Amino acid sequence: MSDINYKPTSAFGKWFDERLPLLTLFNGHLMQYPTPKNLNYWWTFGGILTFCLVTQIITGIVLAMHYTAHADLAFSSVEHIMRDVNYGWLIRYIHSNGASMFFLAVYIHIFRALFYGSYKSPREVIWILGIIIYILMMAAAFMGYVLPWGQMSFWGATVITNLFSAIPLIGESITQWLWGGYSVDNPTLNRFFSLHYLIPFLILGLVILHIWALHVPGNNNPVGIDLKKDGSDTVPFHPYIVIKDLFALVIFMIIFAGFVFYAPNVLGHSDNYIPADPLVTPAHIVPEWYLLPFYAILRSVPDKLGGVVLMFGAIFILAALPWLDTSKVRSAVFRPIYKQFFWLLVIDVLVLGYMGAMPAEGTYLLISRVATVYYFLHFLIIMPLLGFMEKTKPVPLSIADPILSGSGNLAAAKKDNNNI
Amino acid sequence: MSEDNNKKEKPTRREFIHIATTTVGAVGAGCIALPLVTQMNPDASVKALAKVEVDISKIEKGNEVTVMWRGKPIFIRRRTDEEVNKARQVSLKELKDPQKDEDRVKKGKDEWLVMIGVCTHLGCVPLKQQGEYGGWFCPCHGSHYDISGRIRKGPAPVNMEVPNYEFVSENKLVIG
Amino acid sequence: MKKIFYLSSILVLLCTNLLAAGDAAKPIKVDWSFNGFFGKFDRAQLQRGYQVYKEVCASCHSMKYLSFRNLGEIGGPEFSEAEVKAIAAGFTVKDGPNEEGEMFDRPGLPKDKFVSPYPNEKAARAVNGGAYPPDMSVLVKARSGGADYIYSILMGYENPPLDMKIEDGVYYNKYMAGNKIRMAAPLNDGSVEYSDGTKSSVSQMSKDVTAFLTWAAEPHLEKRKRIGFKTILYLLIFSILVFLSMKKIWSRIETKV
């Protein structure tokens with residue numbers, strides 16, 4: 001990381017780098033940085049997420065040049081962007097679909113960490129920084145969705161801000177403090193705009209810390225074992241990882257473009273093209289798809305405060321994962337029982353997401369409750385127990401040699417190699 | 001390291017495929033930049049207001065009307081015959097920004113003076129029928145304009161600007 | 001990998017069931033000219049659709065985000081500049097205040113927004129028995145089912161089933177949520193006389209006005225799909241180039257695990 005052999009080539013470069021070692025930093029962390037050579041495509045999502053953040057910031061700043069954050073004018077200003085501003089429709093659709101793509105990438109990124117044990121020692125702080133980034137993403141997305149001031153904007157904001165009134169004693173006051181009034185109205189919209197503009201830059205700062213913390217131990221890898229100290233297991237980040245990240249990014253952009261140009265409203269809700277009306281509540285209030293699992297957990301609990309506690313608990317419990325998971329083995333490749341539970345968790349989260357979009361009654365409610373209980377069961381009971389009870393597969397000695405020397409089952413070992 | 005061996009054989013010119021990829025990538029980057037830059041250009045609703053029609057039938061000789069065009073005031077003055085003559089008698093040598101009155105009006109419509117009512121010094125709006133030259137006076141820094149809108153005294157560098165306009169009929173003027 | 005594929009396909013199948021609300025029938029599927037990757041509007045259809053909107057719908061439904069000049073812009077009905085001026089001039093628009101400080105009326109100009117039938121929502125409700133005829137600027141995007149749904153509503157007026165009680169001022173519609181709608185059937189055969197001679201059946205007028213409303217909600221649809229095609233084609237080509245670059249670079253390493 002700090003390569004004392006690096007010297008900037010130009011005279012200006014030398015002069016500048018002596019005063020502020022940006023060039024050395026760039027060279028050390030983004031070019032020569034030793035990266036495991038066995039990373040698979042699940043590792044490209046960090047780069048993809050950086051692209052998503054930059055895209056949202058740039059399109060967001062441009063939209064803010066034309067948007068008006070006033071309850072009487074917000075909806076019209078968005079229509080003005082869509083109709084009159086040069087390429088306004090394109091920038092708006094990139095921003096709204098970009099938010100969805102951002103969350104798609106972050107969920108894949110998180111589940112990669114869950115599968116390969118990237119949250120385990122010594123990477124706990126990277127993981128926790130990541131959870132904080134995720135929480136800020138959800139806050140930014142929630143507030144951003146309010147800005148067009150459609151029916152879902154208004155009523156989604158009403159439902160979620162009303163949750164704070166569940167806090168005993170001070171709940172009402174906190175809610176009115178959030179609203180700036182006695183209901184969601186213009187003051188709420190204005191402050192959401194301000195905070196929505198701010199949060200991405202907080203995220204940017206945390207991302208820098210996230211990468212810095214990563215570069216201390218170095219990247220995890222699909223086999224989950226520590227690398228040899230002699231550097232034979234790594235390649236320099238540039239050009240090997242840069243080009244691989246770029247390839248994955250281009251494929252990601254094809255999917256992104258598919259939504260932006262051919263199905264720009266399919267991930268949204270048609271009710272948000274109806275201007276906000278405080279007197280008319282939509283038949284079904286639903287958040288955007290990426291918040292649905294938490295919405296399902298919230299509505300599973302009959303008690304208002306209980307629902308709020310469990311919903312936030314579902315996020316905070318992730319932060320405790322490095323200590324809840326007691327297994328000494330990192331990668332699920334060598335944890336056959338955990339692997340099954342991993343996929344069960346994926347199914348559970350997808351079920352919760354689907355239930356979040358359904359009315360909270362009858363069979364839907366029952367399934368939501370079962371899925372919620374299972375979610376907490378996974379983290380609080382299954383993860384700790386598995387560490388003690390699971391018989392893990394033998395872990396290879398090096399990444400270049402996943403076939404454990406002396407292991408009789410060559411065929412099985414080779415099969416594992418293909419499944420990485 | 002295996003890479004060291006390859007490094008010795010690495011050709012000095014970059015591989016063609018990398019050049020191709022980089023070039024195509026640069027084209028893409030340019031295409032992305034285009035909408036991000038052009039979005040700041042005047043949008044369709046602003047461009048729709050780019051022209052303004054003015055009914056001049058009610059303006060009598062010696063009178064002046066101010067209308068807004070593209071966010072700026074436009075002075076439309078219907079000058080009396082004496083005022084036009086006075087403007088034409090001024091020698092070009094006396095003018096900081098030499099311009100004949102005939103060049104500041106439309107042929108056959110010499111009485112009509114149409115100008116952007118913004119002082120060419122630092123942008124204040126001059127006051128009508130004031131100043132020492134029978135035209136306009138800018139109170140901000142003391143620029144005097146004559147009855148043809150030309151700068152005669154004071155810090156303004158050039159005459160008040162005449163915008164594009166045309167008479168679409170006897171009673172209607174279109175500016176822009 | 002396979003597991004993810006199966007899971008997502010199950011979810012997609014489950015989600016497609018969400019189209020109809022309650023007793024409403026699923027919308028009629030129409031093969032619109034603007035559907036698909038290369039969809040385009042039919043100019044003549046948009047012009048007919050505007051005529052239907054103007055002569056039938058505009059008496060109750062506003063379209064406040066559209067301006068007359070939009071009718072002449074590329075990608076829409078593409079009326080000529082003279083036609084747009086004439087259409088605008090046919091409407092009376094409020095302007096002012098004048099030099100006396102009063103508001104006054106004047107003929108419309110291309111830059112003006114479409115004129116609303118009512119000054120505000122409360123007035124609209126008062127005249128329509130408490131129901132608000134929604135603004136149509138983005139109506140096609142504001143309804144699940146989009147253009148198919150709007151078309152279906154216009155075609156969905158039927159006699160109610162014998163056991164259903166329909167109150168005064170409410171009408172039976174096969175495709176409306178709850179099967180009840182507060183708007184009487186707005187179209188009858190021949191309601192509008194098309195200037196291009198097309199036969200104005202209810203089905204034809206419904207299609208034309210729906211296409212017009214789709215354009216009104218998405219005036220840049222054609223440009224969006226055109227640029228989309230070029231973008232995705234570019235990305236596919238670029239992905240191949242990047243892939244080849246990647247293979248070349250990684251070939252420098254003897255063994256990749």
# chains A, B, ... in the order shown; residues from 1 in each chain; ligands from 1
$ interface_residues --of "chain C" --to "chain B" --cutoff "10 Å" --atoms "only C-alpha atoms" --output "list in words"
Ser67, Arg69, Asn70, Pro110, Lys111, Asp112, Thr231, Tyr234, Leu235, Ile237, Phe238, Ser239, Ile240, Leu241, Val242, Phe243, Leu244, Ser245, Met246, Lys248, Ile249, Ser251, Arg252, Ile253, Glu254 and Thr255 of chain C
$ write_last_selection --atoms "N, CA and C atoms" --output "CSV table (one decimal), in the first residue's frame"
chain,number,residue,atom,x,y,z
C,67,SER,N,-48.5,22.5,-23.0
C,67,SER,CA,-48.7,23.8,-23.6
C,67,SER,C,-49.1,23.6,-25.1
C,69,ARG,N,-47.8,24.8,-27.6
C,69,ARG,CA,-46.6,24.6,-28.5
C,69,ARG,C,-46.2,23.1,-28.5
C,70,ASN,N,-46.5,22.3,-27.5
C,70,ASN,CA,-46.2,20.9,-27.5
C,70,ASN,C,-46.8,20.2,-28.7
C,110,PRO,N,-49.1,30.1,-28.6
C,110,PRO,CA,-48.5,28.7,-28.5
C,110,PRO,C,-47.8,28.5,-27.1
C,111,LYS,N,-47.3,29.6,-26.5
C,111,LYS,CA,-46.5,29.4,-25.3
C,111,LYS,C,-47.5,29.1,-24.1
C,112,ASP,N,-48.8,29.4,-24.2
C,112,ASP,CA,-49.7,29.2,-23.1
C,112,ASP,C,-49.9,27.8,-22.8
C,231,THR,N,-27.9,3.1,-27.2
C,231,THR,CA,-27.1,3.0,-26.0
C,231,THR,C,-26.8,1.5,-25.7
C,234,TYR,N,-24.3,0.1,-28.2
C,234,TYR,CA,-23.0,0.5,-27.8
C,234,TYR,C,-22.4,-0.3,-26.7
C,235,LEU,N,-23.2,-0.4,-25.6
C,235,LEU,CA,-22.8,-1.2,-24.4
C,235,LEU,C,-22.4,-2.6,-24.8
C,237,ILE,N,-21.4,-3.8,-27.7
C,237,ILE,CA,-20.1,-3.7,-28.4
C,237,ILE,C,-18.9,-3.4,-27.4
C,238,PHE,N,-19.1,-2.5,-26.6
C,238,PHE,CA,-18.1,-2.1,-25.6
C,238,PHE,C,-17.8,-3.2,-24.7
C,239,SER,N,-18.8,-4.0,-24.3
C,239,SER,CA,-18.6,-5.1,-23.3
C,239,SER,C,-17.7,-6.1,-24.0
C,240,ILE,N,-17.9,-6.4,-25.3
C,240,ILE,CA,-17.0,-7.3,-26.0
C,240,ILE,C,-15.6,-6.9,-26.0
C,241,LEU,N,-15.4,-5.6,-26.3
C,241,LEU,CA,-14.1,-5.0,-26.4
C,241,LEU,C,-13.4,-5.1,-25.0
C,242,VAL,N,-14.1,-4.8,-24.0
C,242,VAL,CA,-13.6,-4.8,-22.6
C,242,VAL,C,-13.2,-6.3,-22.2
C,243,PHE,N,-14.1,-7.2,-22.6
C,243,PHE,CA,-13.9,-8.6,-22.4
C,243,PHE,C,-12.6,-9.1,-23.0
C,244,LEU,N,-12.4,-8.7,-24.3
C,244,LEU,CA,-11.1,-9.1,-25.0
C,244,LEU,C,-9.9,-8.4,-24.3
C,245,SER,N,-10.0,-7.2,-23.9
C,245,SER,CA,-8.9,-6.5,-23.2
C,245,SER,C,-8.6,-7.3,-21.9
C,246,MET,N,-9.7,-7.7,-21.2
C,246,MET,CA,-9.5,-8.4,-19.9
C,246,MET,C,-8.8,-9.7,-20.1
C,248,LYS,N,-6.8,-10.5,-22.5
C,248,LYS,CA,-5.4,-10.2,-22.9
C,248,LYS,C,-4.6,-9.9,-21.7
C,249,ILE,N,-5.1,-9.1,-20.8
C,249,ILE,CA,-4.4,-8.7,-19.6
C,249,ILE,C,-4.1,-9.9,-18.7
C,251,SER,N,-4.1,-12.9,-19.4
C,251,SER,CA,-3.2,-14.0,-20.0
C,251,SER,C,-1.8,-13.9,-19.6
C,252,ARG,N,-1.4,-12.7,-19.0
C,252,ARG,CA,0.0,-12.5,-18.6
C,252,ARG,C,0.3,-13.4,-17.3
C,253,ILE,N,-0.8,-13.8,-16.7
C,253,ILE,CA,-0.6,-14.6,-15.5
C,253,ILE,C,-0.6,-16.1,-15.9
C,254,GLU,N,0.3,-16.9,-15.4
C,254,GLU,CA,0.4,-18.3,-15.7
C,254,GLU,C,-0.9,-19.0,-15.3
C,255,THR,N,-1.1,-18.9,-14.0
C,255,THR,CA,-2.2,-19.7,-13.4
C,255,THR,C,-3.1,-18.7,-12.7
$ residues_around --residues "stretch 117-128 of chain C" --least-positions-apart "3" --cutoff "6 Å" --atoms "only C-alpha atoms" --output "list in words"
Ser59, Cys60, Ala131 and Tyr132 of chain C
$ write_last_selection --atoms "C-alpha atoms" --output "tab-separated table (two decimals), in the first residue's frame"
chain	number	residue	atom	x	y	z
C	59	SER	CA	-65.07	20.04	-21.00
C	60	CYS	CA	-64.34	18.27	-17.70
C	131	ALA	CA	-66.25	13.66	-8.05
C	132	TYR	CA	-63.08	15.14	-9.47
$ select_by_dssp --residues "chain B" --states "alpha helix (DSSP H)" --output "MDAnalysis selection string"
chainID B and resid 2:9 16:38 44:48 81:88
$ closest_atom_pairs --of "chain A" --to "chain B" --cutoff "7 Å" --atoms "only C-alpha atoms" --output "tab-separated table"
residue	atom	partner	partner_atom	distance
A:Asp84	CA	B:Ala44	CA	4.7
A:Val85	CA	B:Asp43	CA	4.6
A:Asn86	CA	B:Gln39	CA	4.6
A:Tyr87	CA	B:Pro35	CA	5.8
A:Gly88	CA	B:Gln39	CA	6.7
A:Ser232	CA	B:Met1	CA	6.9
$ write_last_selection --atoms "N, CA and C atoms" --output "CSV table (one decimal), in the first residue's frame"
chain,number,residue,atom,x,y,z
A,84,ASP,N,-39.6,19.9,-20.4
A,84,ASP,CA,-39.0,21.1,-21.0
A,84,ASP,C,-37.5,21.1,-20.9
A,85,VAL,N,-36.9,20.6,-19.8
A,85,VAL,CA,-35.4,20.7,-19.6
A,85,VAL,C,-34.8,19.7,-20.6
A,86,ASN,N,-33.7,20.2,-21.3
A,86,ASN,CA,-33.0,19.4,-22.3
A,86,ASN,C,-32.5,18.1,-21.6
A,87,TYR,N,-33.0,17.0,-22.2
A,87,TYR,CA,-32.6,15.7,-21.6
A,87,TYR,C,-33.0,15.5,-20.2
A,88,GLY,N,-34.0,16.3,-19.7
A,88,GLY,CA,-34.4,16.2,-18.3
A,88,GLY,C,-35.0,14.9,-18.0
A,232,SER,N,2.7,-13.9,-3.8
A,232,SER,CA,2.5,-14.7,-5.0
A,232,SER,C,1.0,-14.9,-5.3
$ closest_residue --among "B:Ile74, B:Val84, B:Ala29, B:Val162" --to "B:Pro126" --atoms "only C-alpha atoms"
B:Ile74
$ interface_residues --of "chain C" --to "chain A" --cutoff "8 Å" --atoms "only C-alpha atoms" --output "PyMOL selection string"
chain C and resi 7+11+37+65+138-139+141-144+219-220+224-225+227-228+231-232+235-236+238-239+242-243+245-246+249-250+256-257
$ residues_around --residues "B:Asp110" --least-positions-apart "2" --cutoff "12 Å" --atoms "only C-alpha atoms" --output "MDAnalysis selection string"
chainID B and resid 61 77:85 87:88 100:108 112:114 148
$ residues_around --residues "B:Pro98" --least-positions-apart "2" --cutoff "10 Å" --atoms "only C-alpha atoms" --output "PyMOL selection string"
chain B and resi 91-96+100-101+150-151+158-159
$ write_last_selection --atoms "C-alpha atoms" --output "tab-separated table (two decimals), in the first residue's frame"
chain	number	residue	atom	x	y	z
B	91	SER	CA	-21.50	64.72	-35.23
B	92	LEU	CA	-20.01	61.22	-34.99
B	93	LYS	CA	-16.80	62.74	-33.65
B	94	GLU	CA	-18.58	63.65	-30.43
B	95	LEU	CA	-19.62	60.05	-29.73
B	96	LYS	CA	-17.70	57.61	-27.56
B	100	LYS	CA	-25.60	57.02	-36.79
B	101	ASP	CA	-29.17	57.33	-35.53
B	150	ARG	CA	-26.13	56.68	-27.45
B	151	ILE	CA	-23.67	57.22	-24.60
B	158	VAL	CA	-21.08	51.67	-25.59
B	159	ASN	CA	-24.58	52.73	-26.70
$ residues_around --residues "C:Lys180" --least-positions-apart "3" --cutoff "9 Å" --atoms "only C-alpha atoms" --output "ChimeraX atom specification"
/C:166,170-177
$ atom_distance --atom1 "atom CA of A:Thr392" --atom2 "atom CA of A:Ile337"
8.1 Å
$ residues_around --residues "C:Met205" --least-positions-apart "6" --cutoff "9 Å" --atoms "only C-alpha atoms" --output "PyMOL selection string"
chain C and resi 48-49+52+187+189-192+199
$ write_last_selection --atoms "all heavy atoms" --output "compact mmCIF listing (two decimals), in the first residue's frame"
# COMPACT_ATOMS: atom_id res chain seq x y z
N ARG C 48 -56.00 12.89 -34.38
CA ARG C 48 -57.40 12.52 -34.14
C ARG C 48 -57.67 12.48 -32.64
O ARG C 48 -58.70 12.93 -32.14
CB ARG C 48 -57.73 11.17 -34.78
CG ARG C 48 -57.71 11.17 -36.30
CD ARG C 48 -58.41 9.91 -36.84
NE ARG C 48 -57.79 8.69 -36.35
CZ ARG C 48 -56.80 8.05 -36.97
NH1 ARG C 48 -56.31 8.54 -38.10
NH2 ARG C 48 -56.31 6.93 -36.48
N GLY C 49 -56.71 11.92 -31.92
CA GLY C 49 -56.86 11.81 -30.46
C GLY C 49 -56.99 13.17 -29.81
O GLY C 49 -57.79 13.35 -28.89
N VAL C 52 -60.51 14.35 -30.26
CA VAL C 52 -61.42 13.72 -29.31
C VAL C 52 -61.27 14.37 -27.93
O VAL C 52 -62.25 14.72 -27.28
CB VAL C 52 -61.16 12.20 -29.19
CG1 VAL C 52 -62.05 11.59 -28.11
CG2 VAL C 52 -61.39 11.51 -30.51
N LEU C 187 -68.25 8.40 -24.78
CA LEU C 187 -68.19 8.28 -26.24
C LEU C 187 -69.34 7.43 -26.76
O LEU C 187 -69.71 6.42 -26.17
CB LEU C 187 -66.88 7.62 -26.67
CG LEU C 187 -65.59 8.38 -26.32
CD1 LEU C 187 -64.37 7.49 -26.57
CD2 LEU C 187 -65.48 9.66 -27.13
N ASP C 189 -70.78 6.09 -30.86
CA ASP C 189 -70.38 6.07 -32.27
C ASP C 189 -70.70 7.40 -32.91
O ASP C 189 -71.82 7.91 -32.77
CB ASP C 189 -71.11 4.94 -33.01
CG ASP C 189 -70.55 3.57 -32.63
OD1 ASP C 189 -69.35 3.51 -32.31
OD2 ASP C 189 -71.31 2.59 -32.65
N GLY C 190 -69.74 7.99 -33.58
CA GLY C 190 -69.97 9.26 -34.27
C GLY C 190 -69.92 10.50 -33.40
O GLY C 190 -70.26 11.59 -33.85
N SER C 191 -69.48 10.36 -32.12
CA SER C 191 -69.41 11.54 -31.24
C SER C 191 -68.59 12.65 -31.85
O SER C 191 -68.88 13.84 -31.69
CB SER C 191 -68.75 11.16 -29.91
OG SER C 191 -69.60 10.41 -29.12
N VAL C 192 -67.53 12.25 -32.55
CA VAL C 192 -66.64 13.23 -33.15
C VAL C 192 -66.60 12.96 -34.65
O VAL C 192 -66.61 11.82 -35.08
CB VAL C 192 -65.21 13.07 -32.55
CG1 VAL C 192 -64.18 13.79 -33.39
CG2 VAL C 192 -65.19 13.58 -31.13
N LYS C 199 -63.59 6.56 -39.77
CA LYS C 199 -64.86 6.24 -39.14
C LYS C 199 -64.71 6.34 -37.63
O LYS C 199 -63.82 5.73 -37.02
CB LYS C 199 -65.26 4.81 -39.55
CG LYS C 199 -66.59 4.33 -39.00
CD LYS C 199 -67.07 3.12 -39.82
CE LYS C 199 -68.15 2.35 -39.09
NZ LYS C 199 -67.71 1.67 -37.87
$ select_by_dssp --residues "stretch 15-145 of chain B" --states "strand (DSSP E or B)" --output "VMD selection string"
chain B and resid 52 to 55 63 to 69 72 to 78 112 to 116 127 to 128 134 to 138 143 to 145
$ closest_residue --among "C:Ile181, C:Ala86, C:Ser62, C:Tyr157" --to "C:Val115" --atoms "only C-alpha atoms"
C:Ser62
